[in-house]
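These notes concern the structure reproduced below.
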Amino acid sequence: MLSTSILSQLNRRLRWRPTWRELRFWPLRILPWIPAVIFFNDHVGDIAWINGPSMYPFLNPSFNEDLSRDLCWNSKLNPTQNLKRGMIISYQSPAHPDVQVVKRIIAMEGDIVYTRTPCPVPTVQVPANHVWVEGDNRDSTKTLDSNTYGPIPLNLITGRATHFLWPWRRIGPIRWEEFEGRTRVINGRKDDVPGWD
């Protein structure tokens with residue numbers, strides 16, 4: 001008799017289905033986490049899929065073979081501090097402000113850049129509080145970058161791509177230091193930077 005009551009209790013627990021009374025509080029359990037997730041994505045970091053061929057071959061190296069995409073960690077902790085040539089950054093596109101773009105820093109403020117097509121002038125000096133960014137793809141028709149819309153202001157930079165998360169064979173830190181650019185840049189001094197007087 002005792003064993004049948006224990007088995008019936010156990011059977012009821014195994015076939016547990018939530019009732020309205022039990023489910024009505026689930027939004028209250030999730031609600032406090034929403035601001036924390038928003039804060040984390042805006043100020044700490046997020047995950048970014050690298051779309052398109054603009055950063056080929058450094059990012060998306062098998063884009064021409066199978067259209068696979070890289071998944072990167074985008075660190076948003078102090079994104080504009082200690083920027084260096086060659087770093088891969090994310091920023092809001094000046095042409096489409098609702099779009100996040102991932103490109104490589106080619107030149108810093110004060111540097112003189114020998115541009116590529118479609119830029120209408122052969123050289124540009126990067127003004128104060130701006131950087132010159134370009135995609136790694138040699139075909140300039142495959143990337144919208146500073147050659148299209150000019151140097152970008154530092155306040156548009158939202159993060160830095162720091163680690164590969166996918167595909168598994170590339171997982172680890174992004175070694176941006178190994179990049180050798182093909183765009184000719186003459187290093188400038190901050191004292192000679194054109195800016196607002």
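Chains: A, B, ... in order of the structure tokens. Residues: from 1 per chain. Ligands: from 1, in order shown.
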Using only C-alpha atoms, which residues of segment 67-99 of chain A come within 12 Å of segment 180-184 of chain A, and what is the closest atom pair for each, with the distance in Å to one decimal? Give it as JSON lines, sorted by chain and residue number.
```
{"residue": "A:Arg85", "atom": "CA", "partner": "A:Gly181", "partner_atom": "CA", "distance": 9.4}
{"residue": "A:Gly86", "atom": "CA", "partner": "A:Gly181", "partner_atom": "CA", "distance": 7.7}
{"residue": "A:Met87", "atom": "CA", "partner": "A:Gly181", "partner_atom": "CA", "distance": 11.3}
```
- Message: I'd like the contact shell of Ile157 of chain A - 12 Å cut-off, only C-alpha atoms, skipping same-chain residues fewer than 5 positions apart - returned as a PyMOL selection string.
- Response: chain A and resi 74-81+83+87-94+97+100-105+129-133+151-152
- Using only C-alpha atoms, determine which residues lie at most 10 Å from segment 49-61 of chain A, disregarding the query and same-chain residues fewer than 2 positions distant; provide the list as JSON, numbers by chain. {"A": [47, 63, 64, 65, 66, 67, 68, 69, 70, 71, 72, 73, 74, 88, 101, 102, 103, 104, 134, 135, 136, 137, 138, 139, 140, 141, 142, 143, 144, 145, 164, 165, 166, 167, 174, 175, 176, 179]}
- Query: Which parts of chain A does DSSP call helix (DSSP H, G or I) when run on the backbone here, written out as a VMD selection string?
  - Reply: chain A and resid 2 to 14 20 to 23 26 to 30 33 to 43 63 to 66 140 to 142 146 to 149 154 to 156 168 to 170 176 to 178 190 to 192
- Task: Measuring atom to atom with only C-alpha atoms, identify which of A:Gly172, A:Gly110, A:Gly159, A:Pro118 is nearest to Ser146 of chain A.
- Result: A:Pro118
Could you give me, as a CSV table (one decimal) with all heavy atoms, in the first residue's frame, each residue of chain A that DSSP assigns to strand (DSSP E or B) when run on this structure's backbone?
```
chain,number,residue,atom,x,y,z
A,45,GLY,N,30.9,43.7,-24.8
A,45,GLY,CA,31.2,43.0,-26.1
A,45,GLY,C,30.1,42.2,-26.6
A,45,GLY,O,29.0,42.0,-25.9
A,46,ASP,N,30.2,41.8,-27.8
A,46,ASP,CA,29.2,41.0,-28.5
A,46,ASP,C,29.9,40.1,-29.5
A,46,ASP,O,31.1,40.2,-29.7
A,46,ASP,CB,28.1,41.8,-29.1
A,46,ASP,CG,28.5,42.7,-30.2
A,46,ASP,OD1,29.7,42.7,-30.5
A,46,ASP,OD2,27.6,43.4,-30.7
A,47,ILE,N,29.1,39.2,-30.1
A,47,ILE,CA,29.5,38.3,-31.1
A,47,ILE,C,29.2,38.9,-32.5
A,47,ILE,O,28.0,39.3,-32.7
A,47,ILE,CB,28.9,36.9,-30.9
A,47,ILE,CG1,29.4,36.4,-29.6
A,47,ILE,CG2,29.3,36.0,-32.0
A,47,ILE,CD1,28.7,35.1,-29.2
A,48,ALA,N,30.1,38.9,-33.4
A,48,ALA,CA,29.8,39.5,-34.8
A,48,ALA,C,30.1,38.5,-35.8
A,48,ALA,O,31.2,37.9,-35.9
A,48,ALA,CB,30.7,40.7,-35.0
A,49,TRP,N,29.2,38.2,-36.7
A,49,TRP,CA,29.4,37.4,-37.9
A,49,TRP,C,30.0,38.3,-38.9
A,49,TRP,O,29.6,39.5,-39.2
A,49,TRP,CB,28.1,36.9,-38.5
A,49,TRP,CG,27.5,35.7,-37.7
A,49,TRP,CD1,26.5,35.7,-36.8
A,49,TRP,CD2,28.0,34.4,-37.8
A,49,TRP,NE1,26.3,34.5,-36.3
A,49,TRP,CE2,27.2,33.6,-36.9
A,49,TRP,CE3,29.0,33.7,-38.5
A,49,TRP,CZ2,27.4,32.3,-36.7
A,49,TRP,CZ3,29.2,32.4,-38.3
A,49,TRP,CH2,28.4,31.6,-37.4
A,50,ILE,N,31.0,37.9,-39.6
A,50,ILE,CA,31.7,38.7,-40.6
A,50,ILE,C,31.1,38.3,-42.0
A,50,ILE,O,31.2,37.1,-42.4
A,50,ILE,CB,33.2,38.4,-40.7
A,50,ILE,CG1,33.8,38.6,-39.3
A,50,ILE,CG2,33.9,39.3,-41.7
A,50,ILE,CD1,33.6,39.9,-38.7
A,70,ASP,N,33.1,33.9,-40.8
A,70,ASP,CA,33.8,33.8,-39.5
A,70,ASP,C,32.9,34.5,-38.4
A,70,ASP,O,32.2,35.4,-38.7
A,70,ASP,CB,35.1,34.6,-39.6
A,70,ASP,CG,36.2,33.8,-40.3
A,70,ASP,OD1,36.0,32.7,-40.7
A,70,ASP,OD2,37.3,34.4,-40.6
A,71,LEU,N,33.1,34.0,-37.2
A,71,LEU,CA,32.4,34.5,-36.1
A,71,LEU,C,33.5,35.1,-35.2
A,71,LEU,O,34.4,34.3,-34.8
A,71,LEU,CB,31.6,33.4,-35.4
A,71,LEU,CG,30.8,33.8,-34.2
A,71,LEU,CD1,29.7,34.8,-34.6
A,71,LEU,CD2,30.2,32.6,-33.5
A,72,CYS,N,33.4,36.3,-34.8
A,72,CYS,CA,34.4,37.0,-34.0
A,72,CYS,C,33.9,37.6,-32.7
A,72,CYS,O,32.7,38.0,-32.7
A,72,CYS,CB,35.1,38.1,-34.8
A,72,CYS,SG,36.0,37.5,-36.2
A,73,TRP,N,34.7,37.7,-31.7
A,73,TRP,CA,34.4,38.4,-30.5
A,73,TRP,C,34.7,39.9,-30.7
A,73,TRP,O,35.8,40.2,-31.1
A,73,TRP,CB,35.1,37.9,-29.3
A,73,TRP,CG,34.9,38.7,-28.1
A,73,TRP,CD1,35.7,39.5,-27.4
A,73,TRP,CD2,33.7,38.8,-27.3
A,73,TRP,NE1,35.1,40.1,-26.4
A,73,TRP,CE2,33.9,39.7,-26.3
A,73,TRP,CE3,32.4,38.1,-27.4
A,73,TRP,CZ2,32.9,40.0,-25.3
A,73,TRP,CZ3,31.4,38.4,-26.5
A,73,TRP,CH2,31.7,39.3,-25.5
A,74,ASN,N,33.7,40.7,-30.5
A,74,ASN,CA,33.9,42.2,-30.7
A,74,ASN,C,33.9,42.8,-29.4
A,74,ASN,O,32.9,43.0,-28.7
A,74,ASN,CB,32.7,42.7,-31.6
A,74,ASN,CG,32.8,44.1,-32.0
A,74,ASN,OD1,33.9,44.6,-32.1
A,74,ASN,ND2,31.7,44.7,-32.2
A,75,SER,N,35.1,43.2,-28.9
A,75,SER,CA,35.3,43.8,-27.6
A,75,SER,C,34.9,45.3,-27.6
A,75,SER,O,35.4,46.0,-28.5
A,75,SER,CB,36.7,43.6,-27.1
A,75,SER,OG,36.9,44.3,-25.9
A,88,ILE,N,41.8,45.5,-36.4
A,88,ILE,CA,40.5,45.3,-37.0
A,88,ILE,C,39.4,45.8,-36.0
A,88,ILE,O,39.3,45.4,-34.9
A,88,ILE,CB,40.2,43.8,-37.3
A,88,ILE,CG1,41.3,43.3,-38.3
A,88,ILE,CG2,38.8,43.6,-37.9
A,88,ILE,CD1,41.2,41.8,-38.6
A,89,ILE,N,38.6,46.8,-36.5
A,89,ILE,CA,37.6,47.4,-35.7
A,89,ILE,C,36.2,47.3,-36.3
A,89,ILE,O,36.1,47.0,-37.4
A,89,ILE,CB,37.9,48.9,-35.5
A,89,ILE,CG1,37.9,49.6,-36.9
A,89,ILE,CG2,39.3,49.2,-34.8
A,89,ILE,CD1,37.9,51.1,-36.8
A,90,SER,N,35.2,47.5,-35.4
A,90,SER,CA,33.9,47.6,-35.9
A,90,SER,C,33.4,49.1,-35.7
A,90,SER,O,33.8,49.7,-34.7
A,90,SER,CB,32.9,46.7,-35.2
A,90,SER,OG,32.9,47.0,-33.8
A,91,TYR,N,32.6,49.6,-36.6
A,91,TYR,CA,32.1,50.9,-36.5
A,91,TYR,C,30.8,51.1,-37.2
A,91,TYR,O,30.4,50.2,-38.0
A,91,TYR,CB,33.1,51.9,-37.0
A,91,TYR,CG,33.4,51.7,-38.5
A,91,TYR,CD1,32.8,52.5,-39.5
A,91,TYR,CD2,34.4,50.9,-38.9
A,91,TYR,CE1,33.0,52.3,-40.8
A,91,TYR,CE2,34.7,50.7,-40.2
A,91,TYR,CZ,34.0,51.4,-41.2
A,91,TYR,OH,34.3,51.2,-42.5
A,92,GLN,N,30.1,52.2,-36.9
A,92,GLN,CA,28.8,52.4,-37.6
A,92,GLN,C,29.2,53.0,-38.9
A,92,GLN,O,30.0,54.0,-39.0
A,92,GLN,CB,28.0,53.4,-36.8
A,92,GLN,CG,27.4,52.9,-35.5
A,92,GLN,CD,26.7,53.9,-34.8
A,92,GLN,OE1,27.0,55.1,-34.8
A,92,GLN,NE2,25.7,53.5,-34.0
A,100,GLN,N,26.6,47.9,-38.8
A,100,GLN,CA,27.9,47.8,-38.2
A,100,GLN,C,28.9,47.2,-39.2
A,100,GLN,O,28.5,46.2,-39.9
A,100,GLN,CB,27.9,46.8,-37.0
A,100,GLN,CG,27.1,47.4,-35.8
A,100,GLN,CD,27.9,48.5,-35.1
A,100,GLN,OE1,29.1,48.4,-35.0
A,100,GLN,NE2,27.2,49.5,-34.7
A,101,VAL,N,30.0,47.8,-39.4
A,101,VAL,CA,31.0,47.4,-40.4
A,101,VAL,C,32.3,47.0,-39.7
A,101,VAL,O,32.6,47.5,-38.7
A,101,VAL,CB,31.3,48.6,-41.3
A,101,VAL,CG1,32.2,48.2,-42.4
A,101,VAL,CG2,30.0,49.1,-41.9
A,102,VAL,N,32.9,46.0,-40.3
A,102,VAL,CA,34.2,45.5,-39.7
A,102,VAL,C,35.3,45.8,-40.8
A,102,VAL,O,35.2,45.3,-41.9
A,102,VAL,CB,34.2,44.0,-39.4
A,102,VAL,CG1,35.5,43.5,-38.9
A,102,VAL,CG2,33.2,43.8,-38.3
A,103,LYS,N,36.3,46.6,-40.4
A,103,LYS,CA,37.4,46.9,-41.4
A,103,LYS,C,38.7,47.0,-40.6
A,103,LYS,O,38.7,47.0,-39.4
A,103,LYS,CB,37.2,48.2,-42.1
A,103,LYS,CG,35.9,48.3,-42.9
A,103,LYS,CD,36.0,47.5,-44.2
A,103,LYS,CE,34.8,47.7,-45.0
A,103,LYS,NZ,34.2,46.5,-45.5
A,104,ARG,N,39.8,47.2,-41.3
A,104,ARG,CA,41.1,47.3,-40.7
A,104,ARG,C,41.6,48.8,-40.8
A,104,ARG,O,41.4,49.5,-41.7
A,104,ARG,CB,42.1,46.5,-41.5
A,104,ARG,CG,43.5,46.4,-40.9
A,104,ARG,CD,44.4,45.6,-41.8
A,104,ARG,NE,44.0,44.2,-41.9
A,104,ARG,CZ,44.1,43.2,-41.1
A,104,ARG,NH1,44.8,43.5,-39.9
A,104,ARG,NH2,43.7,42.0,-41.3
A,105,ILE,N,42.2,49.2,-39.7
A,105,ILE,CA,42.8,50.6,-39.6
A,105,ILE,C,44.1,50.6,-40.5
A,105,ILE,O,45.0,49.8,-40.2
A,105,ILE,CB,43.1,51.0,-38.2
A,105,ILE,CG1,41.8,51.1,-37.4
A,105,ILE,CG2,43.9,52.3,-38.2
A,105,ILE,CD1,42.1,51.4,-35.9
A,106,ILE,N,44.1,51.5,-41.4
A,106,ILE,CA,45.3,51.6,-42.3
A,106,ILE,C,46.1,52.8,-41.9
A,106,ILE,O,47.3,52.7,-42.0
A,106,ILE,CB,44.8,51.8,-43.8
A,106,ILE,CG1,44.0,50.5,-44.2
A,106,ILE,CG2,46.0,52.0,-44.7
A,106,ILE,CD1,44.8,49.2,-44.2
A,107,ALA,N,45.5,53.9,-41.5
A,107,ALA,CA,46.2,55.1,-41.2
A,107,ALA,C,45.6,55.8,-40.0
A,107,ALA,O,44.4,55.7,-39.8
A,107,ALA,CB,46.3,56.0,-42.4
A,112,ILE,N,49.5,60.4,-44.2
A,112,ILE,CA,49.1,60.6,-45.6
A,112,ILE,C,48.9,59.3,-46.2
A,112,ILE,O,49.8,58.4,-46.2
A,112,ILE,CB,50.1,61.5,-46.3
A,112,ILE,CG1,50.3,62.9,-45.6
A,112,ILE,CG2,49.8,61.6,-47.8
A,112,ILE,CD1,51.4,63.7,-46.2
A,113,VAL,N,47.7,59.1,-46.8
A,113,VAL,CA,47.3,57.8,-47.4
A,113,VAL,C,47.3,58.0,-49.0
A,113,VAL,O,46.7,58.9,-49.4
A,113,VAL,CB,46.0,57.4,-46.9
A,113,VAL,CG1,45.6,56.0,-47.6
A,113,VAL,CG2,45.9,57.3,-45.4
A,114,TYR,N,47.9,57.1,-49.7
A,114,TYR,CA,47.7,57.0,-51.1
A,114,TYR,C,46.5,56.1,-51.4
A,114,TYR,O,46.5,54.9,-51.1
A,114,TYR,CB,49.0,56.4,-51.8
A,114,TYR,CG,50.1,57.4,-51.8
A,114,TYR,CD1,50.9,57.5,-50.7
A,114,TYR,CD2,50.3,58.2,-52.9
A,114,TYR,CE1,52.0,58.5,-50.7
A,114,TYR,CE2,51.4,59.1,-52.9
A,114,TYR,CZ,52.2,59.3,-51.8
A,114,TYR,OH,53.2,60.2,-51.8
A,123,THR,N,45.8,61.4,-52.8
A,123,THR,CA,46.3,61.3,-51.5
A,123,THR,C,45.4,62.0,-50.5
A,123,THR,O,44.7,63.0,-50.9
A,123,THR,CB,47.7,61.9,-51.3
A,123,THR,OG1,47.7,63.3,-51.6
A,123,THR,CG2,48.8,61.2,-52.1
A,124,VAL,N,45.3,61.6,-49.3
A,124,VAL,CA,44.5,62.2,-48.3
A,124,VAL,C,45.3,62.2,-47.0
A,124,VAL,O,45.9,61.2,-46.6
A,124,VAL,CB,43.2,61.4,-48.0
A,124,VAL,CG1,42.4,61.9,-46.8
A,124,VAL,CG2,42.3,61.4,-49.3
A,125,GLN,N,45.3,63.4,-46.3
A,125,GLN,CA,45.9,63.4,-45.0
A,125,GLN,C,44.8,63.3,-44.0
A,125,GLN,O,43.7,63.9,-44.0
A,125,GLN,CB,46.6,64.8,-44.7
A,125,GLN,CG,47.3,64.7,-43.4
A,125,GLN,CD,48.2,66.0,-43.2
A,125,GLN,OE1,48.1,67.0,-43.8
A,125,GLN,NE2,49.1,65.9,-42.2
A,130,HIS,N,40.4,61.1,-36.4
A,130,HIS,CA,39.9,60.3,-37.5
A,130,HIS,C,40.9,59.1,-37.7
A,130,HIS,O,42.0,59.2,-37.4
A,130,HIS,CB,39.7,61.1,-38.8
A,130,HIS,CG,38.5,62.0,-38.7
A,130,HIS,ND1,38.4,63.1,-37.9
A,130,HIS,CD2,37.3,62.0,-39.4
A,130,HIS,CE1,37.3,63.7,-38.1
A,130,HIS,NE2,36.6,63.1,-39.0
A,131,VAL,N,40.4,58.1,-38.4
A,131,VAL,CA,41.2,57.0,-38.9
A,131,VAL,C,40.8,56.7,-40.3
A,131,VAL,O,39.7,56.9,-40.7
A,131,VAL,CB,41.2,55.7,-38.0
A,131,VAL,CG1,41.8,56.0,-36.6
A,131,VAL,CG2,39.7,55.2,-37.8
A,132,TRP,N,41.7,56.1,-41.0
A,132,TRP,CA,41.5,55.6,-42.4
A,132,TRP,C,41.3,54.1,-42.3
A,132,TRP,O,42.2,53.4,-41.8
A,132,TRP,CB,42.6,56.0,-43.3
A,132,TRP,CG,42.4,55.7,-44.8
A,132,TRP,CD1,42.6,54.6,-45.4
A,132,TRP,CD2,41.8,56.6,-45.7
A,132,TRP,NE1,42.3,54.7,-46.7
A,132,TRP,CE2,41.7,56.0,-46.9
A,132,TRP,CE3,41.3,57.9,-45.6
A,132,TRP,CZ2,41.2,56.5,-48.1
A,132,TRP,CZ3,40.8,58.5,-46.8
A,132,TRP,CH2,40.7,57.8,-48.0
A,133,VAL,N,40.2,53.6,-42.8
A,133,VAL,CA,39.9,52.1,-42.7
A,133,VAL,C,39.7,51.6,-44.1
A,133,VAL,O,39.2,52.3,-45.0
A,133,VAL,CB,38.7,51.8,-41.9
A,133,VAL,CG1,39.0,52.2,-40.4
A,133,VAL,CG2,37.5,52.5,-42.4
A,134,GLU,N,40.2,50.3,-44.3
A,134,GLU,CA,40.0,49.7,-45.6
A,134,GLU,C,39.7,48.2,-45.4
A,134,GLU,O,40.1,47.6,-44.3
A,134,GLU,CB,41.2,49.8,-46.5
A,134,GLU,CG,41.5,51.2,-47.0
A,134,GLU,CD,42.7,51.2,-48.0
A,134,GLU,OE1,43.4,50.2,-48.2
A,134,GLU,OE2,42.9,52.3,-48.5
A,152,ILE,N,37.1,58.1,-41.1
A,152,ILE,CA,35.9,58.0,-40.2
A,152,ILE,C,36.3,58.6,-38.8
A,152,ILE,O,37.4,58.5,-38.4
A,152,ILE,CB,35.4,56.6,-40.0
A,152,ILE,CG1,36.5,55.7,-39.3
A,152,ILE,CG2,34.9,56.0,-41.3
A,152,ILE,CD1,35.9,54.4,-38.7
A,153,PRO,N,35.4,59.3,-38.2
A,153,PRO,CA,35.7,59.9,-36.9
A,153,PRO,C,35.8,58.8,-35.8
A,153,PRO,O,35.1,57.7,-35.9
A,153,PRO,CB,34.5,60.8,-36.6
A,153,PRO,CG,33.5,60.6,-37.7
A,153,PRO,CD,34.1,59.7,-38.7
A,157,ILE,N,33.6,54.5,-33.9
A,157,ILE,CA,34.1,53.2,-33.6
A,157,ILE,C,33.4,52.6,-32.4
A,157,ILE,O,33.3,53.2,-31.3
A,157,ILE,CB,35.6,53.3,-33.3
A,157,ILE,CG1,36.3,53.7,-34.6
A,157,ILE,CG2,36.2,51.9,-32.9
A,157,ILE,CD1,37.8,54.0,-34.4
A,158,THR,N,32.9,51.4,-32.5
A,158,THR,CA,32.1,50.7,-31.5
A,158,THR,C,32.8,49.6,-30.8
A,158,THR,O,32.5,49.1,-29.8
A,158,THR,CB,30.8,50.2,-32.0
A,158,THR,OG1,31.0,49.3,-33.1
A,158,THR,CG2,29.9,51.4,-32.5
A,159,GLY,N,33.9,49.0,-31.5
A,159,GLY,CA,34.5,47.9,-30.9
A,159,GLY,C,35.7,47.4,-31.7
A,159,GLY,O,36.1,48.0,-32.7
A,160,ARG,N,36.4,46.4,-31.2
A,160,ARG,CA,37.6,45.8,-31.8
A,160,ARG,C,37.3,44.3,-31.9
A,160,ARG,O,37.0,43.6,-31.0
A,160,ARG,CB,38.8,46.0,-31.1
A,160,ARG,CG,39.2,47.4,-30.8
A,160,ARG,CD,40.5,47.4,-30.0
A,160,ARG,NE,40.6,48.6,-29.3
A,160,ARG,CZ,41.6,49.0,-28.6
A,160,ARG,NH1,42.6,48.2,-28.5
A,160,ARG,NH2,41.6,50.1,-28.0
A,161,ALA,N,37.6,43.7,-33.1
A,161,ALA,CA,37.6,42.3,-33.3
A,161,ALA,C,38.8,41.7,-32.7
A,161,ALA,O,39.9,42.0,-33.1
A,161,ALA,CB,37.4,41.9,-34.7
A,162,THR,N,38.7,40.9,-31.6
A,162,THR,CA,39.9,40.4,-30.9
A,162,THR,C,40.1,38.9,-31.0
A,162,THR,O,41.2,38.5,-30.9
A,162,THR,CB,39.8,40.8,-29.4
A,162,THR,OG1,38.6,40.2,-28.8
A,162,THR,CG2,39.7,42.3,-29.2
A,163,HIS,N,39.0,38.1,-31.1
A,163,HIS,CA,39.2,36.7,-31.1
A,163,HIS,C,38.3,36.0,-32.2
A,163,HIS,O,37.2,36.5,-32.4
A,163,HIS,CB,38.8,36.0,-29.8
A,163,HIS,CG,39.8,36.4,-28.7
A,163,HIS,ND1,39.8,37.6,-28.1
A,163,HIS,CD2,40.8,35.6,-28.2
A,163,HIS,CE1,40.8,37.6,-27.2
A,163,HIS,NE2,41.4,36.4,-27.3
A,164,PHE,N,38.8,34.9,-32.8
A,164,PHE,CA,38.0,34.1,-33.7
A,164,PHE,C,37.2,33.1,-32.8
A,164,PHE,O,37.8,32.5,-31.9
A,164,PHE,CB,38.8,33.3,-34.6
A,164,PHE,CG,39.5,34.1,-35.7
A,164,PHE,CD1,40.9,34.2,-35.8
A,164,PHE,CD2,38.7,34.7,-36.7
A,164,PHE,CE1,41.5,34.9,-36.8
A,164,PHE,CE2,39.3,35.4,-37.7
A,164,PHE,CZ,40.7,35.5,-37.8
A,165,LEU,N,35.9,33.0,-33.0
A,165,LEU,CA,35.1,32.0,-32.3
A,165,LEU,C,34.6,30.9,-33.2
A,165,LEU,O,34.3,29.8,-32.8
A,165,LEU,CB,33.9,32.7,-31.7
A,165,LEU,CG,34.2,33.8,-30.7
A,165,LEU,CD1,32.9,34.5,-30.3
A,165,LEU,CD2,35.0,33.4,-29.6
A,166,TRP,N,34.7,31.1,-34.5
A,166,TRP,CA,34.2,30.1,-35.5
A,166,TRP,C,34.9,30.4,-36.8
A,166,TRP,O,35.0,31.6,-37.1
A,166,TRP,CB,32.7,30.2,-35.7
A,166,TRP,CG,32.2,29.1,-36.6
A,166,TRP,CD1,31.8,29.3,-37.9
A,166,TRP,CD2,31.9,27.8,-36.3
A,166,TRP,NE1,31.4,28.2,-38.5
A,166,TRP,CE2,31.4,27.2,-37.5
A,166,TRP,CE3,32.1,27.0,-35.2
A,166,TRP,CZ2,31.1,25.9,-37.6
A,166,TRP,CZ3,31.7,25.6,-35.3
A,166,TRP,CH2,31.3,25.1,-36.5
A,172,GLY,N,40.7,31.4,-31.5
A,172,GLY,CA,41.8,32.0,-30.8
A,172,GLY,C,41.9,33.5,-31.1
A,172,GLY,O,41.1,34.0,-31.7
A,173,PRO,N,43.0,34.1,-30.6
A,173,PRO,CA,43.1,35.5,-30.8
A,173,PRO,C,43.4,35.9,-32.3
A,173,PRO,O,44.0,35.1,-33.0
A,173,PRO,CB,44.3,35.9,-29.9
A,173,PRO,CG,45.1,34.7,-29.7
A,173,PRO,CD,44.1,33.5,-29.8
A,185,VAL,N,51.3,54.3,-47.0
A,185,VAL,CA,51.0,55.3,-46.0
A,185,VAL,C,52.3,56.0,-45.6
A,185,VAL,O,53.3,55.3,-45.3
A,185,VAL,CB,50.3,54.6,-44.8
A,185,VAL,CG1,50.1,55.6,-43.7
A,185,VAL,CG2,49.0,53.9,-45.2
A,186,ILE,N,52.3,57.3,-45.5
A,186,ILE,CA,53.4,58.0,-45.0
A,186,ILE,C,53.0,58.4,-43.5
A,186,ILE,O,52.0,59.1,-43.3
A,186,ILE,CB,53.7,59.3,-45.8
A,186,ILE,CG1,54.1,58.8,-47.2
A,186,ILE,CG2,54.8,60.1,-45.2
A,186,ILE,CD1,54.2,60.0,-48.2
```
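Atom pair atom CA of Thr117 of chain A / atom CA of Asn147 of chain A has a distance of 6.6 Å (rounded to one decimal).
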